[in-house]
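Asks: Below you'll find the structure I mean.
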Amino acid sequence: MTTTAQSVDVQANYSENTDLENQYLTFILSNEEYGVDILRVQEIRGWESVTTVPNAPDYIKGVINIRGTIVPIVDLRMRFGMEQLEYGPITVVIVLKVIGENRERVMGIVVDTVSDTYDVPEDSIKPAPDFGEKIEVNFVKGLATINEKMLILLDIDQLLNSGELNILD
Amino acid sequence: MATILTVDDSTSMRQMVSFTLKQSGFDVVEAADGSEGLHKAQSNRFNLIITDVNMPKMDGITLVKELRALPAYKFTPILLLTTEAGIEKKKEGKEAGATGWLVKPFNPDQLLSTIKKVLG
Amino acid sequence: MGIDLSQFHETFLEESFEGLDVMESSLLNLDAGDSDSETVNTIFRSAHSIKGGSATFGFDNVATFTHVLETLLDEVRSGDRDVTQGIVNALLESVDCVRSMLEAQRDSGDYDEAQVKSVQNRLEAILGNAESNNEVTEAVVVVEEKNSSNGWLIDFKPHLNMIQTGNDPVRIIRELESLGVIGVKANLEKLPDLDVMNAEDCYLSWEIELYSDVGESAIREIFEWVEDECDLVIKPLQTEVATGEEKPVDTPAVKIEIKPEVDVLNKTDEPVANKATPTRTKATGEGGSIRVGIDKVDELINLVGELVITQSMLGEMGQNFEPSNIEKMMDGLSQLERHTRELQESVMRIRMLPISFAFNRFPRLVHDLSSKLGKKIELKLSGESTELDKTVMEKIGDPLVHLVRNSLDHGLETPDIRKAAGKPETGVLHLNAYHKGGNIIIEITDDGAGLDKEKIRAKAISNGLISESEVLTDEKIYDLIFQPGFSTAEAVSDLSGRGVGMDVVRRNIRELGGAVDIVSAEGKGSTITIRLPLTLAIMDGQLVRVGKETYIIPIVSIIESLQAKKENINKIIDHAEVYKLRDEYINIVRLYETFDLVPDSTSVNNGLLVMVEGEGSKIGLFVDELLGQQQVVIKSLETNYRRIEGVSGATILGDGTVAMILDVPGLVVISRAKTNVNEDKVA
């Protein structure tokens, strides 16, 4: 699946004979493959310039305008304390629907590149070991092995509702 | 089928009367006060008129008097909607020339049986 | 046939609420000395309608209560009872009761039954009924004569004019058939010759034998309508044929209809919530609905039509573009701009309602509060037709109530104090609204005692808001009352003395993008001025550049912009900088510091200072460049992100990028805090 500078409608890409509940969209971050619940993916966009937000932590790059709504963009490498990459033509922003305590929000995450979609049955997800301080275990739903690849499945709500993004500070 | 004029300043009452009578096949025209009622009576032909007593612009008793003065409505049945307490209104109404009355509150069935009685 | 009456409930409730409003404003007029019979009749009719409808549609609790209410009103309107203040007050409370009962019906909620009962008792006491009845007993007592024969002989002689009431004797006789078997004999005695006969008169009479075991009352009932228009004699039939054993006659005993008792629910009485703030706003919530005049909708349709035409014209030009068409294209674009603007204005107007909706709660509020406080107060309303956005109006309601209460409680004095001060005993409270420069201005003026500067100053010092040595302008002193935790009320009255009021009021108004301040003259009175944007969605903005970023400053907050002169800049205690503007010292806010940006230059005299005002103070914003002015659509940052200090929202510029809108009052607060911190450091 190639991404272009235009936003790609995810719905067109899922495999037909499985239900979406166990489908994950995966992306690459520093050579590791991560996955997010496909039902949360609103769209995929190329990187475009953002408007910086005053007094925000460094992993919040800023905000962009998506069809009239202001959407914050989070650099996932920086959120995980990894080295920052220079953005290029294959840099991608995945726009996600995040569910908080009493509302739904839309946010984008910057990733190295999008990988694929996989069907991951519930019972094949194993709990994650401790990764160290860099990635809080809360963010990780679990690990799964598909086609000999290890996928790190993320809990989007935990990830994007925590820290500075938590409005209930 | 007969055409009936219902005059009442309460929209909900008018609607209830209207709906009930229409369901039984009558044609119904509504007026919100005595003066509108008189006007409609003059420009249409009604077989029966039902009117409330307490209304702005022209009350029911006055409407009855005005209607009886019109040749077309000399013998038309006119019913007044009165309350249990208003005995004087019944007398006043009769003196003005009303045919009879219906006591409020009434339910749709009581309304229908009275109407049918009067229209024969 | 069961007809479902619940389909009429909504209409009944709606018209009843309207009727209650009419009753209330009419009662308030009565109070003011207008005992015009038409006013009284209006009040009576409203109550009468509600009573009739509630009984018809089965709202028995309402029917019972309004029955008593109507009885009292009937006495008033027939002149049997004079209108006294006590009666008016009882009637006003009755309106509240009915309202709460109907609201409970509409919202499937509860109402305060004890309250209703208490008011009902008062009404009955006024009427002279010592007992309070919860039941309306309709006793129809029918005493039946035992009929020993097998029927009745009815002598029915209509008067000449009976037919002229629309009563047809034949129809009546036919009705008798429903009671049993009848034999009819007509009497033609009185029938005159054709040439003298009047076709409109009834000359006939009848003798009817009715074979039935019904009682006399059933027969009389059929003749009820024509009782006075005929001679009616009813006798038991003489039995001509002996039938042996008499059939036992059915004696329907005393018929008594008792209306069902008012539901006595086993609940703890909930006090009528918030009697203090009679809001009476319909339960529409955020997703409510609006009534729009057809004319406004038609206007919109026209404008959209024009927009479509202009757009397709431009589209065509774009398709077959030729450089020579450039001028035409520019014309087309300016036409597009005009149509878009007109459309925008038109759409905004749909959400606009006259402020009278917010003002209309005040006659009642002022009436109740002034009698509670023992003060004589006249309420004047002007500019009620001034329109503003529906949501803004809904949100300004509570702050307005608080401010009015404040005036009534603390501003306006009691009659004796006023008299001693040489003022008329009746104080005046004036609510005024008008449009000014894209905003709506609401003024609350009273001719009361005004603000006591010394008292405010003393209180602020004792609350640690200011230091003893501080010299403040009058303006700044008055502004202190909006600070949190401030209150000069000696005793915390339950109305407004709690000290949580004024700062919350200001905050609420700020959140609407508005501002509030107060001007006062001791002994003479005060005026509170509220400024609100006409719409929450769009505002006029000044674009400015700080480093690489573009920000928007609300034009309504801008006083002036200037090139800073080095000699006018003074540093106070290292970090706080002020600019000397004529005879004022204004704090400088270096926006690049606030937002952590890299500016073109850090020297203030190389950039521009935009003087803005908020929270009763002025500050100077240091920017690199002034860009254009434009209307911006306000987008929320909080929807997907969160509230940022110093920023009130965001907008999308023409090139699709996002720009932040500065929160001027917020920046004022930040700058104040900074200077205070610095002062503490030194002290």
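Identifiers in the structure tokens: chain A, B, ... in order shown; residue index from 1 per chain; ligand index from 1 in order shown.
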Determine which residues of segment 14-67 of chain B DSSP labels as alpha helix (DSSP H) from the backbone of this structure, then write them out as a PyMOL selection string.

Replies: chain B and resi 14-23+34-43+60-67

Asks: Write to file, as a short mmCIF file (atom, residue, chain, number, x, y, z; two decimals), in the first residue's frame, the residues of the selection just made, with N, CA and C atoms.

Replies:
data_model
loop_
_atom_site.label_atom_id
_atom_site.label_comp_id
_atom_site.auth_asym_id
_atom_site.auth_seq_id
_atom_site.Cartn_x
_atom_site.Cartn_y
_atom_site.Cartn_z
N ARG B 14 -60.16 23.34 20.21
CA ARG B 14 -60.63 23.37 18.82
C ARG B 14 -60.14 22.14 18.09
N GLN B 15 -58.86 21.83 18.31
CA GLN B 15 -58.27 20.68 17.63
C GLN B 15 -58.98 19.39 18.03
N MET B 16 -59.28 19.30 19.30
CA MET B 16 -59.92 18.08 19.80
C MET B 16 -61.31 17.94 19.19
N VAL B 17 -62.08 19.01 19.22
CA VAL B 17 -63.43 18.98 18.67
C VAL B 17 -63.37 18.68 17.17
N SER B 18 -62.49 19.39 16.51
CA SER B 18 -62.34 19.24 15.07
C SER B 18 -62.00 17.81 14.69
N PHE B 19 -60.99 17.28 15.35
CA PHE B 19 -60.54 15.93 15.07
C PHE B 19 -61.65 14.92 15.30
N THR B 20 -62.32 15.05 16.45
CA THR B 20 -63.39 14.12 16.79
C THR B 20 -64.49 14.13 15.75
N LEU B 21 -64.91 15.31 15.35
CA LEU B 21 -66.01 15.40 14.40
C LEU B 21 -65.58 14.95 13.01
N LYS B 22 -64.37 15.31 12.63
CA LYS B 22 -63.91 14.92 11.29
C LYS B 22 -63.84 13.40 11.17
N GLN B 23 -63.39 12.78 12.25
CA GLN B 23 -63.29 11.32 12.26
C GLN B 23 -64.64 10.67 12.00
N GLY B 34 -65.28 34.93 18.76
CA GLY B 34 -66.65 35.15 18.28
C GLY B 34 -66.69 35.95 16.99
N SER B 35 -65.81 36.93 16.89
CA SER B 35 -65.88 37.80 15.71
C SER B 35 -65.45 37.04 14.46
N GLU B 36 -64.41 36.21 14.60
CA GLU B 36 -63.99 35.39 13.46
C GLU B 36 -65.08 34.39 13.13
N GLY B 37 -65.70 33.86 14.18
CA GLY B 37 -66.77 32.88 14.00
C GLY B 37 -67.93 33.48 13.22
N LEU B 38 -68.32 34.68 13.57
CA LEU B 38 -69.43 35.33 12.88
C LEU B 38 -69.09 35.55 11.42
N HIS B 39 -67.87 36.00 11.22
CA HIS B 39 -67.42 36.25 9.85
C HIS B 39 -67.48 34.99 9.02
N LYS B 40 -66.98 33.88 9.59
CA LYS B 40 -66.99 32.62 8.84
C LYS B 40 -68.42 32.13 8.61
N ALA B 41 -69.27 32.36 9.60
CA ALA B 41 -70.66 31.91 9.44
C ALA B 41 -71.32 32.64 8.29
N GLN B 42 -70.94 33.89 8.12
CA GLN B 42 -71.55 34.67 7.05
C GLN B 42 -71.06 34.25 5.68
N SER B 43 -69.84 33.78 5.62
CA SER B 43 -69.33 33.42 4.29
C SER B 43 -69.42 31.94 3.98
N GLY B 60 -69.22 34.14 23.44
CA GLY B 60 -70.15 33.19 22.86
C GLY B 60 -71.59 33.64 22.86
N ILE B 61 -72.02 34.25 23.97
CA ILE B 61 -73.42 34.68 24.07
C ILE B 61 -73.73 35.73 23.00
N THR B 62 -72.83 36.68 22.86
CA THR B 62 -73.03 37.72 21.84
C THR B 62 -73.05 37.08 20.46
N LEU B 63 -72.17 36.10 20.24
CA LEU B 63 -72.14 35.42 18.95
C LEU B 63 -73.49 34.79 18.65
N VAL B 64 -74.06 34.14 19.66
CA VAL B 64 -75.37 33.51 19.45
C VAL B 64 -76.39 34.55 19.02
N LYS B 65 -76.41 35.67 19.71
CA LYS B 65 -77.37 36.74 19.36
C LYS B 65 -77.16 37.20 17.93
N GLU B 66 -75.88 37.42 17.58
CA GLU B 66 -75.59 37.90 16.23
C GLU B 66 -76.01 36.87 15.18
N LEU B 67 -75.77 35.60 15.49
CA LEU B 67 -76.11 34.55 14.53
C LEU B 67 -77.62 34.47 14.33
#

Asks: Segment 109-116 of chain A: which residues within 10 Å, counting only C-alpha atoms, same-chain residues fewer than 5 positions away excluded, as a ChimeraX atom specification?

Replies: /A:1-3,13-14,24-31,33-35,44-47,59-61,72-79,85-96,160

Asks: Mind dumping a table of every chain C residue within 10 Å of chain A, with the nearest atom pair and its distance in Å to one decimal, using only C-alpha atoms, sorted by chain and rising number, as a tab-separated table?

Replies:
residue	atom	partner	partner_atom	distance
C:Lys548	CA	A:Thr51	CA	9.7
C:Glu549	CA	A:Thr51	CA	7.6
C:Thr550	CA	A:Thr51	CA	8.9
C:Tyr592	CA	A:Pro54	CA	9.7
C:Glu593	CA	A:Pro54	CA	10.0
C:Thr594	CA	A:Pro54	CA	7.9
C:Phe595	CA	A:Pro54	CA	4.7
C:Asp596	CA	A:Pro54	CA	6.7
C:Leu597	CA	A:Pro54	CA	8.3
C:Val633	CA	A:Gly68	CA	9.8
C:Lys635	CA	A:Ile70	CA	7.0
C:Ser636	CA	A:Ile70	CA	7.1
C:Leu637	CA	A:Ile70	CA	6.3
C:Glu638	CA	A:Ile167	CA	8.5
C:Thr639	CA	A:Arg105	CA	6.7
C:Asn640	CA	A:Arg105	CA	4.8
C:Tyr641	CA	A:Pro72	CA	6.1
C:Arg642	CA	A:Ile167	CA	5.7
C:Arg643	CA	A:Ile167	CA	7.9
C:Ile644	CA	A:Pro54	CA	7.5
C:Glu645	CA	A:Asn55	CA	8.4
C:Gly646	CA	A:Pro54	CA	8.8
C:Val647	CA	A:Pro54	CA	8.6
C:Gly649	CA	A:Ile70	CA	9.7
C:Ala650	CA	A:Ile70	CA	7.7
C:Thr651	CA	A:Ile70	CA	8.3
C:Ile652	CA	A:Asn65	CA	6.9
C:Leu653	CA	A:Asn65	CA	9.6
C:Gly656	CA	A:Asn65	CA	6.8
C:Thr657	CA	A:Asn65	CA	6.4
C:Val658	CA	A:Thr51	CA	5.8
C:Ala659	CA	A:Thr51	CA	6.9
C:Met660	CA	A:Val53	CA	8.2

Asks: Take the selection from the previous step and output its residues with N, CA and C atoms, as an mmCIF file, in the first residue's frame.

Replies:
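Listing of out.cif after writing:
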data_model
loop_
_atom_site.group_PDB
_atom_site.id
_atom_site.type_symbol
_atom_site.label_atom_id
_atom_site.label_comp_id
_atom_site.auth_asym_id
_atom_site.auth_seq_id
_atom_site.Cartn_x
_atom_site.Cartn_y
_atom_site.Cartn_z
ATOM 1 N N LYS C 548 7.639 33.916 12.816
ATOM 2 C CA LYS C 548 7.071 33.252 11.637
ATOM 3 C C LYS C 548 5.583 33.016 11.765
ATOM 4 N N GLU C 549 5.051 33.308 12.947
ATOM 5 C CA GLU C 549 3.660 32.957 13.181
ATOM 6 C C GLU C 549 2.726 34.140 13.002
ATOM 7 N N THR C 550 1.517 33.818 12.584
ATOM 8 C CA THR C 550 0.471 34.833 12.439
ATOM 9 C C THR C 550 -0.528 34.679 13.580
ATOM 10 N N TYR C 592 6.528 37.308 21.821
ATOM 11 C CA TYR C 592 7.429 36.209 21.467
ATOM 12 C C TYR C 592 7.859 35.461 22.718
ATOM 13 N N GLU C 593 7.918 36.167 23.833
ATOM 14 C CA GLU C 593 8.235 35.500 25.095
ATOM 15 C C GLU C 593 7.061 34.664 25.561
ATOM 16 N N THR C 594 5.879 35.270 25.498
ATOM 17 C CA THR C 594 4.680 34.558 25.939
ATOM 18 C C THR C 594 4.523 33.241 25.188
ATOM 19 N N PHE C 595 4.823 33.292 23.875
ATOM 20 C CA PHE C 595 4.558 32.104 23.066
ATOM 21 C C PHE C 595 5.822 31.377 22.647
ATOM 22 N N ASP C 596 6.930 31.811 23.206
ATOM 23 C CA ASP C 596 8.192 31.120 22.945
ATOM 24 C C ASP C 596 8.512 31.035 21.459
ATOM 25 N N LEU C 597 8.614 32.198 20.846
ATOM 26 C CA LEU C 597 8.905 32.243 19.412
ATOM 27 C C LEU C 597 10.180 33.046 19.188
ATOM 28 N N VAL C 633 -13.571 33.433 11.176
ATOM 29 C CA VAL C 633 -14.514 32.505 11.767
ATOM 30 C C VAL C 633 -13.809 31.841 12.940
ATOM 31 N N LYS C 635 -12.845 29.190 15.446
ATOM 32 C CA LYS C 635 -12.869 27.734 15.568
ATOM 33 C C LYS C 635 -12.359 27.368 16.953
ATOM 34 N N SER C 636 -12.892 26.279 17.476
ATOM 35 C CA SER C 636 -12.495 25.913 18.822
ATOM 36 C C SER C 636 -11.208 25.107 18.830
ATOM 37 N N LEU C 637 -10.329 25.469 19.751
ATOM 38 C CA LEU C 637 -9.119 24.663 19.957
ATOM 39 C C LEU C 637 -9.427 23.539 20.916
ATOM 40 N N GLU C 638 -10.416 23.801 21.746
ATOM 41 C CA GLU C 638 -10.683 22.835 22.804
ATOM 42 C C GLU C 638 -11.402 21.600 22.337
ATOM 43 N N THR C 639 -12.037 21.673 21.164
ATOM 44 C CA THR C 639 -12.755 20.503 20.670
ATOM 45 C C THR C 639 -11.842 19.294 20.616
ATOM 46 N N ASN C 640 -10.680 19.494 19.972
ATOM 47 C CA ASN C 640 -9.778 18.353 19.829
ATOM 48 C C ASN C 640 -8.505 18.472 20.629
ATOM 49 N N TYR C 641 -8.244 19.668 21.122
ATOM 50 C CA TYR C 641 -7.009 19.837 21.869
ATOM 51 C C TYR C 641 -7.363 20.303 23.262
ATOM 52 N N ARG C 642 -6.945 21.485 23.620
ATOM 53 C CA ARG C 642 -7.311 21.972 24.942
ATOM 54 C C ARG C 642 -7.177 23.480 24.979
ATOM 55 N N ARG C 643 -7.569 24.056 26.083
ATOM 56 C CA ARG C 643 -7.493 25.486 26.227
ATOM 57 C C ARG C 643 -6.044 25.897 26.415
ATOM 58 N N ILE C 644 -5.632 26.919 25.685
ATOM 59 C CA ILE C 644 -4.271 27.406 25.826
ATOM 60 C C ILE C 644 -4.312 28.785 26.449
ATOM 61 N N GLU C 645 -3.439 29.037 27.381
ATOM 62 C CA GLU C 645 -3.397 30.343 28.032
ATOM 63 C C GLU C 645 -3.015 31.412 27.048
ATOM 64 N N GLY C 646 -3.762 32.488 27.068
ATOM 65 C CA GLY C 646 -3.425 33.584 26.176
ATOM 66 C C GLY C 646 -4.081 33.442 24.807
ATOM 67 N N VAL C 647 -4.725 32.316 24.555
ATOM 68 C CA VAL C 647 -5.352 32.084 23.249
ATOM 69 C C VAL C 647 -6.815 31.778 23.470
ATOM 70 N N GLY C 649 -8.978 31.022 20.848
ATOM 71 C CA GLY C 649 -9.535 30.147 19.816
ATOM 72 C C GLY C 649 -8.602 30.167 18.630
ATOM 73 N N ALA C 650 -9.062 29.619 17.538
ATOM 74 C CA ALA C 650 -8.230 29.619 16.343
ATOM 75 C C ALA C 650 -9.109 29.911 15.142
ATOM 76 N N THR C 651 -8.453 30.191 14.041
ATOM 77 C CA THR C 651 -9.223 30.389 12.837
ATOM 78 C C THR C 651 -8.443 29.829 11.666
ATOM 79 N N ILE C 652 -9.099 29.721 10.540
ATOM 80 C CA ILE C 652 -8.428 29.218 9.349
ATOM 81 C C ILE C 652 -8.304 30.360 8.370
ATOM 82 N N LEU C 653 -7.063 30.654 7.989
ATOM 83 C CA LEU C 653 -6.823 31.778 7.101
ATOM 84 C C LEU C 653 -7.142 31.390 5.664
ATOM 85 N N GLY C 656 -5.582 28.416 4.117
ATOM 86 C CA GLY C 656 -5.866 27.110 4.702
ATOM 87 C C GLY C 656 -5.116 26.813 5.973
ATOM 88 N N THR C 657 -4.175 27.701 6.335
ATOM 89 C CA THR C 657 -3.427 27.428 7.553
ATOM 90 C C THR C 657 -4.182 27.941 8.761
ATOM 91 N N VAL C 658 -3.746 27.455 9.928
ATOM 92 C CA VAL C 658 -4.421 27.805 11.174
ATOM 93 C C VAL C 658 -3.718 28.995 11.816
ATOM 94 N N ALA C 659 -4.469 29.921 12.368
ATOM 95 C CA ALA C 659 -3.887 31.039 13.112
ATOM 96 C C ALA C 659 -4.588 31.119 14.461
ATOM 97 N N MET C 660 -3.822 31.459 15.507
ATOM 98 C CA MET C 660 -4.409 31.538 16.847
ATOM 99 C C MET C 660 -5.008 32.908 17.071
#

Asks: Return as JSON, numbers by chain the residues belonging to chain B that are within 10 Å of chain C, counting only C-alpha atoms.

Replies: {"B": [8, 9, 10, 11, 12, 13, 14, 15, 16, 19, 20, 23, 24, 48, 52, 53, 54, 55, 56, 64, 68, 73, 74, 75, 76, 77, 78, 79, 82, 83, 84, 85, 90, 91, 94, 95, 96, 97, 98, 99, 100, 101, 104, 105, 106, 107, 108, 109, 117, 118, 119, 120]}

Asks: Filtering to C-alpha atoms, could you give me those residues as a compact mmCIF listing (two decimals), in the first residue's frame?

Replies:
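Saved the output as part_20.txt:
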# COMPACT_ATOMS: atom_id res chain seq x y z
CA ASP B 8 -63.06 28.47 20.78
CA ASP B 9 -60.07 30.56 21.76
CA SER B 10 -58.24 27.49 23.00
CA THR B 11 -56.35 25.87 20.14
CA SER B 12 -56.17 22.50 21.82
CA MET B 13 -59.93 22.40 22.41
CA ARG B 14 -60.63 23.37 18.82
CA GLN B 15 -58.27 20.68 17.63
CA MET B 16 -59.92 18.08 19.80
CA PHE B 19 -60.54 15.93 15.07
CA THR B 20 -63.39 14.12 16.79
CA GLN B 23 -63.29 11.32 12.26
CA SER B 24 -67.05 10.81 12.19
CA LEU B 48 -74.38 23.30 13.33
CA ASP B 52 -67.22 28.45 23.74
CA VAL B 53 -68.51 31.23 25.96
CA ASN B 54 -65.41 33.06 27.21
CA MET B 55 -63.49 34.41 24.25
CA PRO B 56 -61.76 37.67 23.39
CA VAL B 64 -75.37 33.51 19.45
CA ARG B 68 -79.80 34.44 15.31
CA TYR B 73 -79.09 30.88 10.99
CA LYS B 74 -82.51 31.47 12.49
CA PHE B 75 -83.13 27.80 13.08
CA THR B 76 -79.63 26.36 12.95
CA PRO B 77 -78.70 24.39 16.06
CA ILE B 78 -76.19 26.36 18.11
CA LEU B 79 -74.55 24.76 21.11
CA THR B 82 -70.31 25.85 29.38
CA THR B 83 -68.78 24.85 32.67
CA GLU B 84 -70.63 23.19 35.51
CA ALA B 85 -70.48 26.32 37.54
CA LYS B 90 -76.95 28.48 30.32
CA LYS B 91 -79.89 30.74 30.98
CA LYS B 94 -80.95 30.20 26.04
CA GLU B 95 -82.27 33.73 26.23
CA ALA B 96 -79.89 34.69 23.46
CA GLY B 97 -81.36 31.89 21.40
CA ALA B 98 -78.95 28.99 21.82
CA THR B 99 -80.29 25.52 21.16
CA GLY B 100 -78.57 23.87 24.08
CA TRP B 101 -75.25 23.32 25.69
CA LYS B 104 -67.12 21.11 30.05
CA PRO B 105 -65.16 19.03 30.48
CA PHE B 106 -66.55 16.56 28.02
CA ASN B 107 -64.96 13.68 26.25
CA PRO B 108 -65.08 13.00 22.51
CA ASP B 109 -67.84 10.42 22.88
CA LYS B 117 -78.70 13.91 18.64
CA VAL B 118 -79.05 17.44 17.42
CA LEU B 119 -78.42 16.82 13.80
CA GLY B 120 -80.71 13.84 13.74

Asks: What gap, in Å, lies between atom CA of Gln629 of chain C and atom CA of Gly654 of chain C?

Replies: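 Computed distance, atom CA of Gln629 of chain C to atom CA of Gly654 of chain C, equals 12.2 Å.
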
Asks: Among segment 7-107 of chain A, which ones does DSSP place in strand (DSSP E), written as a compact mmCIF listing (two decimals) with C-alpha atoms, in the first residue's frame?

Replies:
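Output file out36.txt is given in full below:
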# COMPACT_ATOMS: atom_id res chain seq x y z
CA GLN A 23 -8.31 -5.31 12.03
CA TYR A 24 -5.33 -3.16 12.65
CA LEU A 25 -3.59 -0.60 10.52
CA THR A 26 0.14 -0.85 11.04
CA PHE A 27 2.89 1.70 10.61
CA ILE A 28 6.62 1.86 11.05
CA LEU A 29 8.38 3.83 13.74
CA GLU A 32 9.40 -1.39 14.63
CA GLU A 33 5.93 -2.12 13.44
CA TYR A 34 3.03 -0.73 15.44
CA GLY A 35 -0.67 -1.25 14.97
CA VAL A 36 -3.82 0.76 15.71
CA ASP A 37 -7.45 -0.31 15.65
CA VAL A 41 -8.55 5.54 11.67
CA GLN A 42 -10.34 8.45 10.06
CA GLU A 43 -7.91 9.16 7.26
CA ILE A 44 -4.25 9.16 6.25
CA ARG A 45 -2.58 12.32 5.08
CA GLY A 46 0.83 13.34 3.95
CA ILE A 60 2.86 18.25 19.97
CA LYS A 61 3.98 19.66 16.67
CA GLY A 62 1.03 21.97 16.30
CA VAL A 63 -2.39 22.03 14.72
CA ILE A 64 -3.72 21.74 11.20
CA ASN A 65 -7.01 22.45 9.52
CA ILE A 66 -8.93 19.40 8.34
CA THR A 69 -11.81 21.55 12.19
CA ILE A 70 -8.65 22.26 14.16
CA VAL A 71 -6.76 19.03 14.72
CA PRO A 72 -3.64 18.66 16.88
CA ILE A 73 -0.71 16.68 15.48
CA VAL A 74 1.49 14.52 17.69
CA ASP A 75 4.93 13.32 16.68
CA VAL A 92 2.61 10.20 6.98
CA VAL A 93 0.02 11.55 9.38
CA ILE A 94 -2.62 9.10 10.56
CA VAL A 95 -5.76 10.93 11.70
CA LEU A 96 -7.45 9.05 14.51
CA LYS A 97 -10.64 9.20 16.47
CA VAL A 98 -9.73 9.25 20.16
CA ILE A 99 -12.24 8.52 22.87
CA GLU A 104 -14.53 12.11 21.28
CA ARG A 105 -11.64 13.94 19.71
CA VAL A 106 -9.78 13.87 16.47
CA MET A 107 -5.97 13.86 16.47

Asks: For each of B:Gly25, B:Lys116, B:Asp33, B:Arg45, take the minimum atom-to-atom distance to Leu70 of chain B, counting only C-alpha atoms, then give the residue where this is smallest.

Replies: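 Looking at the shortest contact to Leu70 of chain B, the residue is B:Arg45.
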
Asks: Would you kindly return, as an MDAnalysis selection string, each protein, DNA or RNA residue with an atom no farther than 12 Å from any atom of Pro121 of chain A, considering only C-alpha atoms and excluding same-chain residues fewer than 3 positions away?

Replies: chainID A and resid 18:24 118 124:126 142:146

Asks: Output C-alpha atoms for every residue in the selection just made, as a compact mmCIF listing (two decimals), in the first residue's frame.

Replies:
# COMPACT_ATOMS: atom_id res chain seq x y z
CA THR A 18 -13.03 -10.35 7.79
CA ASP A 19 -14.93 -8.09 10.13
CA LEU A 20 -13.25 -4.84 11.06
CA GLU A 21 -13.29 -5.42 14.78
CA ASN A 22 -9.99 -7.23 14.78
CA GLN A 23 -8.31 -5.31 12.03
CA TYR A 24 -5.33 -3.16 12.65
CA TYR A 118 -3.81 -7.12 9.33
CA SER A 124 -3.46 -14.09 19.46
CA ILE A 125 -2.70 -10.88 21.33
CA LYS A 126 -0.17 -11.47 24.10
CA GLY A 142 -0.46 -6.18 23.54
CA LEU A 143 1.85 -7.94 21.10
CA ALA A 144 0.98 -10.16 18.21
CA THR A 145 2.94 -12.13 15.67
CA ILE A 146 1.62 -12.12 12.13

Asks: In Å, with one decimal, what is the gap from atom CA of Leu179 of chain C to atom CA of Leu232 of chain C?

Replies: 17.3 Å

Asks: Have a look at atom CA of Ser526 of chain C and atom CA of Leu429 of chain C and let me know their distance in Å, one decimal.

Replies: 9.9 Å
